file protein_1.cif (mmCIF, C-alpha atoms)
data_input
loop_
_atom_site.label_atom_id
_atom_site.label_comp_id
_atom_site.auth_asym_id
_atom_site.auth_seq_id
_atom_site.Cartn_x
_atom_site.Cartn_y
_atom_site.Cartn_z
CA MET H 1 11.62 4.26 14.86
CA ARG H 2 14.64 4.11 12.56
CA SER H 3 16.90 7.10 13.00
CA LYS H 4 20.31 5.60 12.24
CA VAL H 5 22.02 7.12 9.20
CA CYS H 6 25.44 5.48 9.52
CA PRO H 7 24.69 1.75 9.95
CA ARG H 8 27.34 -0.36 11.67
CA ARG H 9 28.09 -3.72 10.04
CA ARG H 10 28.23 -6.03 13.03
CA VAL H 11 26.21 -8.97 11.74
CA ALA H 12 28.02 -12.16 10.81
CA GLN H 13 26.95 -13.23 7.30
CA ARG H 14 27.33 -16.36 5.22
CA GLY H 15 26.87 -16.91 1.53
CA GLY H 16 26.91 -14.58 -1.45
CA GLY H 17 24.55 -13.01 -3.93
CA ARG H 18 22.15 -10.11 -4.11
CA GLY H 19 21.43 -8.13 -0.95
CA ALA H 20 23.11 -8.60 2.41
CA PHE H 21 20.27 -10.55 3.99
CA SER H 22 19.00 -12.21 0.84
CA SER H 23 22.47 -13.66 0.29
CA ALA H 24 22.85 -15.07 3.81
CA PRO H 25 21.35 -18.47 4.69
CA VAL H 26 21.60 -17.52 8.36
CA LEU H 27 21.84 -14.34 10.43
CA ARG H 28 24.09 -14.65 13.48
CA VAL H 29 23.10 -12.54 16.47
CA GLU H 30 24.93 -12.30 19.77
CA THR H 31 22.53 -13.07 22.64
CA LYS H 32 22.96 -13.33 26.40
CA GLN H 33 23.18 -17.09 25.91
CA GLY H 34 25.86 -16.73 23.23
CA PRO H 35 25.80 -16.60 19.41
CA ARG H 36 22.57 -17.65 17.75
CA ASP H 37 21.99 -18.34 14.06
CA SER H 38 18.64 -17.16 12.68
CA ALA H 39 17.23 -18.72 9.51
CA PRO H 40 15.27 -16.63 7.00
CA VAL H 41 11.49 -16.35 7.43
CA ARG H 42 9.72 -18.81 5.13
CA HIS H 43 6.43 -17.49 3.77
CA PHE H 44 3.48 -19.82 4.38
CA ASP H 45 2.42 -21.62 1.20
CA ALA H 46 -1.35 -22.08 1.11
CA VAL H 47 -1.23 -23.57 -2.39
CA SER H 48 0.58 -26.74 -1.29
CA LYS H 49 -1.42 -30.00 -1.01
CA THR H 50 -1.49 -30.60 2.74
CA PRO H 51 -5.24 -30.90 3.66
CA VAL H 52 -6.64 -28.33 6.09
CA SER H 53 -10.18 -27.64 4.92
CA LYS H 54 -11.69 -30.72 6.59
CA VAL H 55 -10.09 -29.73 9.88
CA VAL H 56 -11.55 -26.22 9.75
CA GLU H 57 -14.94 -27.58 8.66
CA SER H 58 -14.94 -29.98 11.62
CA PHE H 59 -14.71 -26.96 13.93
CA ARG H 60 -18.41 -26.30 13.22
CA TYR H 61 -19.07 -28.83 16.00
CA THR H 62 -16.56 -27.49 18.50
CA SER H 63 -16.78 -24.32 20.59
CA PHE H 64 -15.21 -20.92 21.16
CA GLN H 65 -12.85 -19.60 18.49
CA SER H 66 -12.48 -22.87 16.59
CA ARG H 67 -16.21 -22.73 15.80
CA ASN H 68 -15.88 -19.07 14.85
CA LEU H 69 -13.09 -20.02 12.44
CA ALA H 70 -15.47 -22.48 10.76
CA LYS H 71 -18.15 -19.77 10.58
CA CYS H 72 -15.65 -17.47 8.86
CA LEU H 73 -14.92 -20.17 6.28
CA ASP H 74 -18.64 -20.62 5.62
CA VAL H 75 -19.10 -16.88 5.03
CA LEU H 76 -16.07 -16.75 2.74
CA ILE H 77 -17.41 -19.64 0.63
CA GLU H 78 -20.82 -17.93 0.34
CA MET H 79 -19.10 -14.69 -0.61
CA LEU H 80 -16.98 -16.29 -3.34
CA THR H 81 -19.86 -18.32 -4.80
CA ASP H 82 -22.42 -15.51 -4.80
CA PRO H 83 -23.64 -15.19 -8.45
CA ALA H 84 -23.70 -11.40 -8.05
CA ARG H 85 -19.85 -11.52 -7.95
CA PRO H 86 -19.27 -9.22 -4.94
CA VAL H 87 -16.21 -6.97 -5.03
CA VAL H 88 -14.08 -8.06 -2.06
CA PHE H 89 -12.23 -5.37 -0.11
CA MET H 90 -9.41 -6.63 2.11
CA GLY H 91 -8.10 -4.57 5.03
CA LEU H 92 -4.55 -5.58 5.98
CA ALA H 93 -3.08 -4.34 9.27
CA GLY H 94 -0.32 -5.64 11.51
CA ALA H 95 3.16 -6.79 10.49
CA MET H 96 1.86 -9.60 8.30
CA VAL H 97 4.67 -9.58 5.74
CA PRO H 98 7.55 -9.83 8.26
CA ALA H 99 5.50 -12.55 9.97
CA GLY H 100 5.61 -14.78 6.88
CA MET H 101 2.17 -14.07 5.41
CA ARG H 102 3.37 -12.32 2.24
CA LYS H 103 2.64 -15.26 -0.07
CA VAL H 104 -0.79 -15.77 1.46
CA VAL H 105 -1.81 -12.19 0.63
CA ARG H 106 -0.17 -12.38 -2.79
CA ASP H 107 -2.00 -15.62 -3.63
CA MET H 108 -5.33 -14.23 -2.43
CA ILE H 109 -4.88 -11.50 -5.03
CA LYS H 110 -3.65 -13.93 -7.71
CA PHE H 111 -6.63 -16.25 -7.17
CA SER H 112 -9.10 -13.30 -7.24
CA VAL H 113 -10.22 -13.85 -3.66
CA VAL H 114 -9.32 -10.19 -3.08
CA ASP H 115 -10.37 -7.47 -5.53
CA VAL H 116 -9.25 -4.35 -3.62
CA LEU H 117 -6.48 -4.19 -1.01
CA VAL H 118 -6.33 -1.50 1.68
CA SER H 119 -3.11 -1.86 3.66
CA THR H 120 -0.87 -0.19 6.16
CA GLY H 121 2.23 1.32 4.60
CA ALA H 122 4.39 -0.98 6.71
CA ASN H 123 3.17 -4.16 4.99
CA LEU H 124 3.72 -2.64 1.56
CA PHE H 125 7.20 -1.41 2.51
CA HIS H 126 8.17 -4.87 3.78
CA ASP H 127 6.80 -6.40 0.56
CA LEU H 128 8.94 -4.00 -1.48
CA HIS H 129 11.92 -4.77 0.75
CA GLU H 130 11.71 -8.48 -0.06
CA ALA H 131 11.03 -7.74 -3.74
CA LEU H 132 14.39 -5.93 -3.83
CA GLY H 133 16.14 -9.09 -2.63
CA PHE H 134 16.26 -8.53 1.13
CA ARG H 135 14.84 -10.77 3.83
CA HIS H 136 13.33 -10.92 7.31
CA TYR H 137 14.72 -13.42 9.81
CA VAL H 138 13.38 -15.72 12.51
CA GLY H 139 14.46 -14.18 15.81
CA SER H 140 13.40 -14.08 19.43
CA ALA H 141 11.41 -11.74 21.65
CA GLN H 142 13.70 -12.70 24.56
CA VAL H 143 16.80 -10.82 23.47
CA ASP H 144 18.95 -7.88 24.53
CA ASP H 145 17.47 -5.08 22.39
CA ILE H 146 20.29 -2.68 23.28
CA MET H 147 22.70 -5.25 21.86
CA LEU H 148 20.56 -5.53 18.71
CA GLU H 149 20.64 -1.76 18.30
CA LYS H 150 24.44 -1.79 18.46
CA MET H 151 24.48 -4.54 15.85
CA ASP H 152 22.11 -2.52 13.65
CA VAL H 153 19.44 -5.25 13.82
CA ASP H 154 15.78 -4.16 14.05
CA ARG H 155 13.30 -6.39 15.91
CA ILE H 156 9.64 -6.91 15.01
CA PHE H 157 8.54 -8.99 18.03
CA ASP H 158 10.32 -12.28 17.24
CA THR H 159 11.50 -11.35 13.74
CA TYR H 160 14.75 -9.59 12.82
CA ALA H 161 15.78 -7.36 9.95
CA TRP H 162 18.98 -5.48 9.21
CA ASP H 163 18.54 -1.72 9.43
CA GLU H 164 21.15 -0.98 6.76
CA GLU H 165 19.04 -2.88 4.25
CA PHE H 166 15.95 -0.90 5.27
CA VAL H 167 17.97 2.24 4.50
CA GLN H 168 18.86 0.79 1.08
CA THR H 169 15.16 0.22 0.37
CA ASP H 170 14.41 3.80 1.48
CA ARG H 171 17.05 5.10 -0.94
CA TRP H 172 15.67 2.95 -3.76
CA LEU H 173 12.24 4.48 -3.14
CA VAL H 174 13.64 8.01 -3.21
CA GLU H 175 15.34 7.36 -6.55
CA PHE H 176 12.22 5.67 -7.97
CA THR H 177 9.98 8.56 -6.94
CA ASP H 178 12.45 11.10 -8.29
CA ARG H 179 11.93 9.65 -11.78
CA LEU H 180 8.14 10.14 -11.71
CA GLU H 181 6.33 13.12 -13.17
CA PRO H 182 5.84 15.75 -10.44
CA ARG H 183 2.04 15.89 -10.34
CA LEU H 184 -0.90 14.78 -8.19
CA TYR H 185 -1.27 11.04 -7.47
CA SER H 186 -3.58 8.92 -5.36
CA SER H 187 -1.79 6.35 -3.23
CA ARG H 188 -3.49 3.76 -5.46
CA GLU H 189 -1.88 5.14 -8.64
CA PHE H 190 1.52 5.59 -6.99
CA LEU H 191 1.52 2.00 -5.67
CA HIS H 192 0.33 0.62 -9.02
CA ILE H 193 3.26 2.28 -10.81
CA LEU H 194 5.60 1.03 -8.09
CA GLY H 195 4.34 -2.54 -8.51
CA GLU H 196 4.96 -2.36 -12.26
CA GLN H 197 8.66 -1.76 -11.59
CA LEU H 198 9.15 -4.95 -9.58
CA SER H 199 10.36 -8.30 -10.95
CA ASP H 200 9.67 -10.53 -7.93
CA ASP H 201 6.70 -12.76 -8.79
CA GLU H 202 6.03 -13.31 -5.07
CA SER H 203 5.48 -9.58 -4.51
CA ILE H 204 2.06 -8.35 -3.37
CA LEU H 205 2.52 -5.04 -5.21
CA LYS H 206 3.75 -6.65 -8.44
CA THR H 207 0.92 -9.19 -8.49
CA ALA H 208 -1.67 -6.49 -7.73
CA ALA H 209 -0.37 -4.38 -10.63
CA GLU H 210 -0.49 -7.37 -13.00
CA MET H 211 -4.01 -8.32 -11.89
CA ASP H 212 -5.33 -4.73 -11.98
CA VAL H 213 -6.14 -4.98 -8.27
CA PRO H 214 -6.17 -1.51 -6.67
CA VAL H 215 -3.97 -1.13 -3.58
CA PHE H 216 -4.84 1.80 -1.32
CA CYS H 217 -2.74 3.06 1.58
CA PRO H 218 -4.66 5.92 3.23
CA ALA H 219 -1.97 6.35 5.94
CA LEU H 220 1.02 6.19 3.62
CA SER H 221 2.92 8.83 5.58
CA ASP H 222 2.83 6.58 8.66
CA SER H 223 5.37 4.11 7.27
CA SER H 224 8.84 3.76 5.85
CA ILE H 225 7.35 4.59 2.45
CA GLY H 226 6.32 7.91 3.98
CA ILE H 227 9.84 8.34 5.36
CA ALA H 228 11.29 7.83 1.88
CA LEU H 229 8.76 10.25 0.37
CA THR H 230 9.78 12.81 2.98
CA ALA H 231 13.42 12.44 1.93
CA TYR H 232 12.33 12.78 -1.71
CA ARG H 233 10.36 15.95 -0.97
CA LEU H 234 13.32 17.54 0.82
CA LYS H 235 15.62 16.58 -2.04
CA ARG H 236 13.32 18.26 -4.58
CA PHE H 237 12.88 21.31 -2.34
CA LYS H 238 16.63 21.82 -2.00
CA ALA H 239 17.04 21.46 -5.77
CA GLU H 240 14.19 23.97 -6.28
CA LYS H 241 12.23 21.41 -8.29
CA ARG H 242 8.54 20.57 -8.22
CA ALA H 243 7.64 17.39 -6.31
CA LEU H 244 4.83 14.90 -6.79
CA ILE H 245 2.03 15.03 -4.24
CA ILE H 246 0.03 12.06 -3.01
CA ASP H 247 -3.51 13.24 -2.32
CA PRO H 248 -5.40 11.04 0.20
CA ILE H 249 -8.72 12.66 -0.73
CA LEU H 250 -8.24 11.45 -4.29
CA ASP H 251 -8.09 7.96 -2.76
CA ASN H 252 -11.51 8.62 -1.23
CA LEU H 253 -12.98 9.51 -4.61
CA GLU H 254 -11.44 6.45 -6.26
CA ILE H 255 -12.55 3.90 -3.68
CA LEU H 256 -16.01 5.48 -3.66
CA GLU H 257 -16.16 5.05 -7.43
CA ILE H 258 -15.27 1.36 -7.09
CA LYS H 259 -18.00 0.88 -4.49
CA GLN H 260 -20.53 2.69 -6.68
CA ARG H 261 -19.74 0.47 -9.68
CA ALA H 262 -20.25 -2.76 -7.73
CA ALA H 263 -23.62 -4.49 -7.55
CA LYS H 264 -22.56 -6.01 -4.22
CA THR H 265 -19.49 -5.73 -1.99
CA ALA H 266 -17.81 -7.73 0.77
CA ALA H 267 -15.07 -7.09 3.32
CA LEU H 268 -12.28 -9.19 4.82
CA TYR H 269 -10.54 -7.54 7.77
CA VAL H 270 -7.15 -8.74 8.96
CA GLY H 271 -6.71 -6.76 12.15
CA GLY H 272 -8.19 -3.28 12.33
CA GLY H 273 -6.80 0.23 12.37
CA VAL H 274 -6.92 2.53 9.35
CA PRO H 275 -7.37 -0.21 6.70
CA LYS H 276 -10.51 -1.55 8.35
CA ASN H 277 -12.05 1.84 9.07
CA TYR H 278 -11.25 3.03 5.55
CA ILE H 279 -13.24 0.17 4.03
CA GLN H 280 -16.01 0.64 6.60
CA GLN H 281 -16.44 4.35 5.89
CA VAL H 282 -17.21 4.04 2.17
CA THR H 283 -20.99 3.79 2.68
CA PRO H 284 -21.30 6.78 5.07
CA MET H 285 -19.05 8.75 2.72
CA ALA H 286 -21.40 7.97 -0.16
CA ASP H 287 -24.32 9.33 1.88
CA ILE H 288 -22.51 12.64 2.44
CA VAL H 289 -21.84 13.12 -1.28
CA SER H 290 -25.45 12.21 -2.12
CA ARG H 291 -24.75 8.77 -3.56
CA ARG H 292 -26.98 6.31 -1.74
CA LEU H 293 -25.15 2.98 -1.58
CA GLU H 294 -25.80 -0.21 0.36
CA GLY H 295 -23.37 -1.47 2.97
CA HIS H 296 -21.24 -4.57 2.49
CA ALA H 297 -23.22 -7.77 2.04
CA TYR H 298 -20.52 -9.99 3.59
CA ALA H 299 -17.81 -9.45 6.18
CA VAL H 300 -15.19 -11.64 7.83
CA GLN H 301 -12.95 -10.33 10.59
CA ILE H 302 -9.78 -11.82 12.09
CA THR H 303 -8.78 -9.91 15.20
CA THR H 304 -7.36 -10.17 18.71
CA ASP H 305 -8.92 -6.90 19.87
CA ASP H 306 -11.46 -7.05 22.70
CA PRO H 307 -14.80 -5.24 22.09
CA LYS H 308 -15.46 -4.45 25.76
CA TRP H 309 -12.85 -1.66 25.68
CA GLY H 310 -14.95 0.18 23.09
CA GLY H 311 -12.46 -0.07 20.26
CA LEU H 312 -12.04 -3.32 18.34
CA SER H 313 -10.08 -1.25 15.83
CA GLY H 314 -13.20 0.35 14.45
CA CYS H 315 -16.12 -1.63 16.04
CA THR H 316 -17.63 -5.11 15.98
CA LEU H 317 -19.34 -6.15 12.77
CA GLU H 318 -22.72 -6.01 14.53
CA GLU H 319 -22.03 -2.43 15.59
CA SER H 320 -21.14 -1.49 12.03
CA GLN H 321 -24.66 -2.47 10.98
CA SER H 322 -26.02 0.43 13.03
CA TRP H 323 -24.08 2.75 10.69
CA GLY H 324 -25.21 0.97 7.55
CA LYS H 325 -21.62 -0.10 6.87
CA LEU H 326 -22.95 -3.65 6.60
CA THR H 327 -26.45 -4.36 5.35
CA SER H 328 -29.02 -5.55 7.87
CA GLU H 329 -29.05 -8.94 6.10
CA ALA H 330 -25.26 -9.20 5.81
CA ARG H 331 -23.63 -12.57 6.39
CA HIS H 332 -20.70 -12.00 8.72
CA ALA H 333 -18.41 -13.76 11.18
CA THR H 334 -15.54 -12.81 13.48
CA VAL H 335 -12.81 -15.02 14.88
CA TYR H 336 -10.69 -13.78 17.78
CA VAL H 337 -7.34 -15.29 16.90
CA ASP H 338 -3.86 -14.19 15.87
CA ALA H 339 -4.09 -13.41 12.15
CA THR H 340 -0.87 -15.33 11.49
CA ILE H 341 -2.88 -18.41 12.49
CA GLY H 342 -6.38 -17.54 11.27
CA LEU H 343 -5.59 -16.13 7.82
CA PRO H 344 -3.40 -18.96 6.47
CA LEU H 345 -5.79 -21.60 7.80
CA LEU H 346 -8.80 -19.95 6.20
CA PHE H 347 -7.09 -19.35 2.86
CA LYS H 348 -5.64 -22.85 2.83
CA ALA H 349 -9.16 -24.21 3.35
CA LEU H 350 -10.42 -21.99 0.51
CA VAL H 351 -7.69 -23.26 -1.82
CA GLU H 352 -8.66 -26.85 -1.08
CA ARG H 353 -12.28 -26.04 -1.92
CA ARG H 354 -11.38 -24.01 -4.99
CA SER H 355 -13.50 -26.17 -7.28
CA GLU H 356 -16.54 -24.49 -5.71
CA TRP H 357 -15.49 -20.94 -6.60
CA GLN H 358 -12.77 -21.14 -9.28
CA ALA H 359 -15.21 -19.81 -11.89
CA ARG H 360 -14.94 -16.43 -10.15
CA GLN H 361 -13.32 -14.11 -12.69
CA PRO H 362 -10.85 -11.32 -11.89
CA LEU H 363 -11.92 -7.70 -12.22
CA ALA H 364 -10.07 -4.74 -13.72
CA LEU H 365 -10.40 -2.01 -11.13
CA SER H 366 -6.95 -0.44 -10.86
CA SER H 367 -7.84 2.73 -12.79
CA PRO H 368 -11.23 3.92 -11.52
CA ALA H 369 -12.77 6.68 -13.63
CA VAL H 370 -13.29 9.29 -10.95
CA VAL H 371 -16.17 11.64 -11.69
#

call {"tool": "encode", "arguments": {"input": "protein_1.cif", "output": "structure tokens"}}
result
Amino acid sequence: MRSKVCPRRRVAQRGGGRGAFSSAPVLRVETKQGPRDSAPVRHFDAVSKTPVSKVVESFRYTSFQSRNLAKCLDVLIEMLTDPARPVVFMGLAGAMVPAGMRKVVRDMIKFSVVDVLVSTGANLFHDLHEALGFRHYVGSAQVDDIMLEKMDVDRIFDTYAWDEEFVQTDRWLVEFTDRLEPRLYSSREFLHILGEQLSDDESILKTAAEMDVPVFCPALSDSSIGIALTAYRLKRFKAEKRALIIDPILDNLEILEIKQRAAKTAALYVGGGVPKNYIQQVTPMADIVSRRLEGHAYAVQITTDDPKWGGLSGCTLEESQSWGKLTSEARHATVYVDATIGLPLLFKALVERRSEWQARQPLALSSPAVV
């Protein structure tokens, strides 16, 4: 939790340019073993020409999670080549952007593999942070965290970021929000407008806005975006001005409208949590408002959660069929692997087999007509 308001500049920097981290080719951190230089995180590039698809396909004849990875690829290919053109909902949890998966998610949107993104606020904040010129850095989980706190360096497992730059991104968000009309917004509309303001072509939010891909964040308050919006609300309150309000129930109506428009839908879950459950709950929600809709026809899940504890961040895919969240005939597969391994491998394999599904056309869904 970031509570520092007077950051202390104790990080050795090199280079010049925009943003403290974005300008530095290395970040020097004092460790118990002495000074250590940390290079910037490099986002995995699934569009490069190194072959992976044949490796993943060969896993059909292996066992355990390698075979499950191949099954996931098979389901994804079926999903993308289905002539009914399913609308693909992607649930994005975990710290995937700081972990170097930003370009993977961005390219999945750009290539129309993903039609609707439901994300944690953290991933979207970190995407914005890099869009503003800041960076995340390769670090270590074996480090003196008290020393990092004194240096004003935040740790995300084995990745570092400079807290002062997070504060700068917070302040940018406050100023951006302060310029918007003080009215009711869904998180989808707010994030679409935010994406339109960005100039970084590698940004998830910018690409989603350009491609008319809706981005929902049902737990927006549980993130640094929510922290910035809190600061904005207090600023408007003290100035006795009206403030915009982000209505999560409006999100429900909008995502329900997207589901209702679609002849067929599919789901890709990276991790679990709120994004997964939010996509799962669309069909039961339709039942409650007297709109009978079928569950998702396809589902792929990348997770490290263990079903025997009763959670799996919202249930196994088989369990979801008992709720009608997936159809009884749904094609689905789950691979129990770190998403920073599973997602880039699967998307890289998809890119190499793009000739099979490149005719898939993008959709324009960013402004659902809620009725």

call {"tool": "atom_distance", "arguments": {"input": "protein_1.cif", "atom1": "CA of Asp178 (chain H)", "atom2": "CA of Arg233 (chain H)"}}
result
9.0 Å

call {"tool": "closest_atom_pairs", "arguments": {"input": "protein_1.cif", "of": "region 21-81 of chain H", "to": "region 90-111 of chain H", "cutoff": "9 Å", "atoms": "only C-alpha atoms", "output": "CSV"}}
result
residue,atom,partner,partner_atom,distance
H:Val41,CA,H:Gly100,CA,6.1
H:Arg42,CA,H:Gly100,CA,6.0
H:His43,CA,H:Gly100,CA,4.2
H:Phe44,CA,H:Met101,CA,6.0
H:Asp45,CA,H:Lys103,CA,6.5
H:Ala46,CA,H:Val104,CA,6.3
H:Val47,CA,H:Asp107,CA,8.1

call {"tool": "residues_around", "arguments": {"input": "protein_1.cif", "residues": "region 193-199 of chain H", "least_positions_apart": "5", "cutoff": "6 Å", "atoms": "all atoms listed in the file", "output": "short mmCIF file (atom, residue, chain, number, x, y, z; two decimals) with C-alpha atoms, in the coordinates of the input"}}
result
data_model
loop_
_atom_site.label_atom_id
_atom_site.label_comp_id
_atom_site.auth_asym_id
_atom_site.auth_seq_id
_atom_site.Cartn_x
_atom_site.Cartn_y
_atom_site.Cartn_z
CA LEU H 205 2.52 -5.04 -5.21
CA LYS H 206 3.75 -6.65 -8.44
CA ALA H 209 -0.37 -4.38 -10.63
#

call {"tool": "atom_distance", "arguments": {"input": "protein_1.cif", "atom1": "CA of Leu312 (chain H)", "atom2": "CA of Leu250 (chain H)"}}
result
27.3 Å

call {"tool": "atom_distance", "arguments": {"input": "protein_1.cif", "atom1": "CA of Gln142 (chain H)", "atom2": "CA of Thr159 (chain H)"}}
result
11.1 Å

call {"tool": "residues_around", "arguments": {"input": "protein_1.cif", "residues": "region 185-192 of chain H", "least_positions_apart": "5", "cutoff": "12 Å", "atoms": "only C-alpha atoms", "output": "JSON, numbers by chain"}}
result
{"H": [116, 117, 118, 119, 120, 121, 124, 125, 127, 128, 173, 176, 177, 180, 197, 198, 204, 205, 206, 207, 208, 209, 210, 211, 212, 213, 214, 215, 216, 217, 218, 219, 220, 221, 225, 226, 229, 243, 244, 245, 246, 247, 248, 249, 250, 251, 252, 253, 254, 255, 365, 366, 367, 368, 370]}

call {"tool": "write_last_selection", "arguments": {"input": "protein_1.cif", "atoms": "C-alpha atoms", "output": "CSV table (one decimal), keeping the file's coordinate frame"}}
result
chain,number,residue,atom,x,y,z
H,116,VAL,CA,-9.2,-4.4,-3.6
H,117,LEU,CA,-6.5,-4.2,-1.0
H,118,VAL,CA,-6.3,-1.5,1.7
H,119,SER,CA,-3.1,-1.9,3.7
H,120,THR,CA,-0.9,-0.2,6.2
H,121,GLY,CA,2.2,1.3,4.6
H,124,LEU,CA,3.7,-2.6,1.6
H,125,PHE,CA,7.2,-1.4,2.5
H,127,ASP,CA,6.8,-6.4,0.6
H,128,LEU,CA,8.9,-4.0,-1.5
H,173,LEU,CA,12.2,4.5,-3.1
H,176,PHE,CA,12.2,5.7,-8.0
H,177,THR,CA,10.0,8.6,-6.9
H,180,LEU,CA,8.1,10.1,-11.7
H,197,GLN,CA,8.7,-1.8,-11.6
H,198,LEU,CA,9.2,-5.0,-9.6
H,204,ILE,CA,2.1,-8.4,-3.4
H,205,LEU,CA,2.5,-5.0,-5.2
H,206,LYS,CA,3.8,-6.6,-8.4
H,207,THR,CA,0.9,-9.2,-8.5
H,208,ALA,CA,-1.7,-6.5,-7.7
H,209,ALA,CA,-0.4,-4.4,-10.6
H,210,GLU,CA,-0.5,-7.4,-13.0
H,211,MET,CA,-4.0,-8.3,-11.9
H,212,ASP,CA,-5.3,-4.7,-12.0
H,213,VAL,CA,-6.1,-5.0,-8.3
H,214,PRO,CA,-6.2,-1.5,-6.7
H,215,VAL,CA,-4.0,-1.1,-3.6
H,216,PHE,CA,-4.8,1.8,-1.3
H,217,CYS,CA,-2.7,3.1,1.6
H,218,PRO,CA,-4.7,5.9,3.2
H,219,ALA,CA,-2.0,6.4,5.9
H,220,LEU,CA,1.0,6.2,3.6
H,221,SER,CA,2.9,8.8,5.6
H,225,ILE,CA,7.4,4.6,2.4
H,226,GLY,CA,6.3,7.9,4.0
H,229,LEU,CA,8.8,10.2,0.4
H,243,ALA,CA,7.6,17.4,-6.3
H,244,LEU,CA,4.8,14.9,-6.8
H,245,ILE,CA,2.0,15.0,-4.2
H,246,ILE,CA,0.0,12.1,-3.0
H,247,ASP,CA,-3.5,13.2,-2.3
H,248,PRO,CA,-5.4,11.0,0.2
H,249,ILE,CA,-8.7,12.7,-0.7
H,250,LEU,CA,-8.2,11.4,-4.3
H,251,ASP,CA,-8.1,8.0,-2.8
H,252,ASN,CA,-11.5,8.6,-1.2
H,253,LEU,CA,-13.0,9.5,-4.6
H,254,GLU,CA,-11.4,6.4,-6.3
H,255,ILE,CA,-12.6,3.9,-3.7
H,365,LEU,CA,-10.4,-2.0,-11.1
H,366,SER,CA,-7.0,-0.4,-10.9
H,367,SER,CA,-7.8,2.7,-12.8
H,368,PRO,CA,-11.2,3.9,-11.5
H,370,VAL,CA,-13.3,9.3,-11.0

call {"tool": "resolve_selection", "arguments": {"input": "protein_1.cif", "expression": "the PyMOL selection byres ((chain H and resi 295) around 12)", "output": "PyMOL selection string"}}
result
chain H and resi 86+259-260+262-267+279-287+292-294+296-299+317+320-331

call {"tool": "resolve_selection", "arguments": {"input": "protein_1.cif", "expression": "the PyMOL selection byres ((chain H and resi 360) around 9)", "output": "PyMOL selection string"}}
result
chain H and resi 80-81+83+85+111-113+357-359+361-362

call {"tool": "closest_residue", "arguments": {"input": "protein_1.cif", "among": "H:Ala122, H:Leu73, H:Ala141, H:Ala231", "to": "Pro344 (chain H)", "atoms": "all atoms listed in the file"}}
result
H:Leu73

call {"tool": "closest_residue", "arguments": {"input": "protein_1.cif", "among": "H:Asp74, H:Glu164, H:Asp222, H:Asp37", "to": "Phe347 (chain H)", "atoms": "only C-alpha atoms"}}
result
H:Asp74

call {"tool": "closest_residue", "arguments": {"input": "protein_1.cif", "among": "H:Lys150, H:Arg171, H:Phe237, H:Ala333", "to": "Val75 (chain H)", "atoms": "only C-alpha atoms"}}
result
H:Ala333

call {"tool": "residues_around", "arguments": {"input": "protein_1.cif", "residues": "Gly342 (chain H)", "least_positions_apart": "5", "cutoff": "8 Å", "atoms": "all atoms listed in the file", "output": "CSV table (one decimal) with C-alpha atoms, in the coordinates of the input"}}
result
chain,number,residue,atom,x,y,z
H,69,LEU,CA,-13.1,-20.0,12.4
H,302,ILE,CA,-9.8,-11.8,12.1
H,335,VAL,CA,-12.8,-15.0,14.9
H,337,VAL,CA,-7.3,-15.3,16.9

call {"tool": "resolve_selection", "arguments": {"input": "protein_1.cif", "expression": "the PyMOL selection byres ((chain H and resi 165) around 9)", "output": "mmCIF file with C-alpha atoms, keeping the file's coordinate frame"}}
result
data_model
loop_
_atom_site.group_PDB
_atom_site.id
_atom_site.type_symbol
_atom_site.label_atom_id
_atom_site.label_comp_id
_atom_site.auth_asym_id
_atom_site.auth_seq_id
_atom_site.Cartn_x
_atom_site.Cartn_y
_atom_site.Cartn_z
ATOM 1 C CA GLY H 19 21.430 -8.130 -0.950
ATOM 2 C CA ALA H 20 23.110 -8.600 2.410
ATOM 3 C CA PHE H 21 20.270 -10.550 3.990
ATOM 4 C CA HIS H 129 11.920 -4.770 0.750
ATOM 5 C CA PHE H 134 16.260 -8.530 1.130
ATOM 6 C CA ARG H 135 14.840 -10.770 3.830
ATOM 7 C CA ALA H 161 15.780 -7.360 9.950
ATOM 8 C CA TRP H 162 18.980 -5.480 9.210
ATOM 9 C CA ASP H 163 18.540 -1.720 9.430
ATOM 10 C CA GLU H 164 21.150 -0.980 6.760
ATOM 11 C CA PHE H 166 15.950 -0.900 5.270
ATOM 12 C CA VAL H 167 17.970 2.240 4.500
ATOM 13 C CA GLN H 168 18.860 0.790 1.080
ATOM 14 C CA THR H 169 15.160 0.220 0.370
ATOM 15 C CA ASP H 170 14.410 3.800 1.480
#

call {"tool": "residues_around", "arguments": {"input": "protein_1.cif", "residues": "Asp338 (chain H)", "least_positions_apart": "2", "cutoff": "8 Å", "atoms": "only C-alpha atoms", "output": "PyMOL selection string"}}
result
chain H and resi 302-304+336+340-342

call {"tool": "axis_aligned_box", "arguments": {"input": "protein_1.cif", "around": "region 78-94 of chain H", "padding_each_side": "6 Å", "output": "lines of an AutoDock Vina configuration file"}}
result
center_x = -12.0
center_y = -11.3
center_z = 1.5
size_x = 35.4
size_y = 26.0
size_z = 32.0
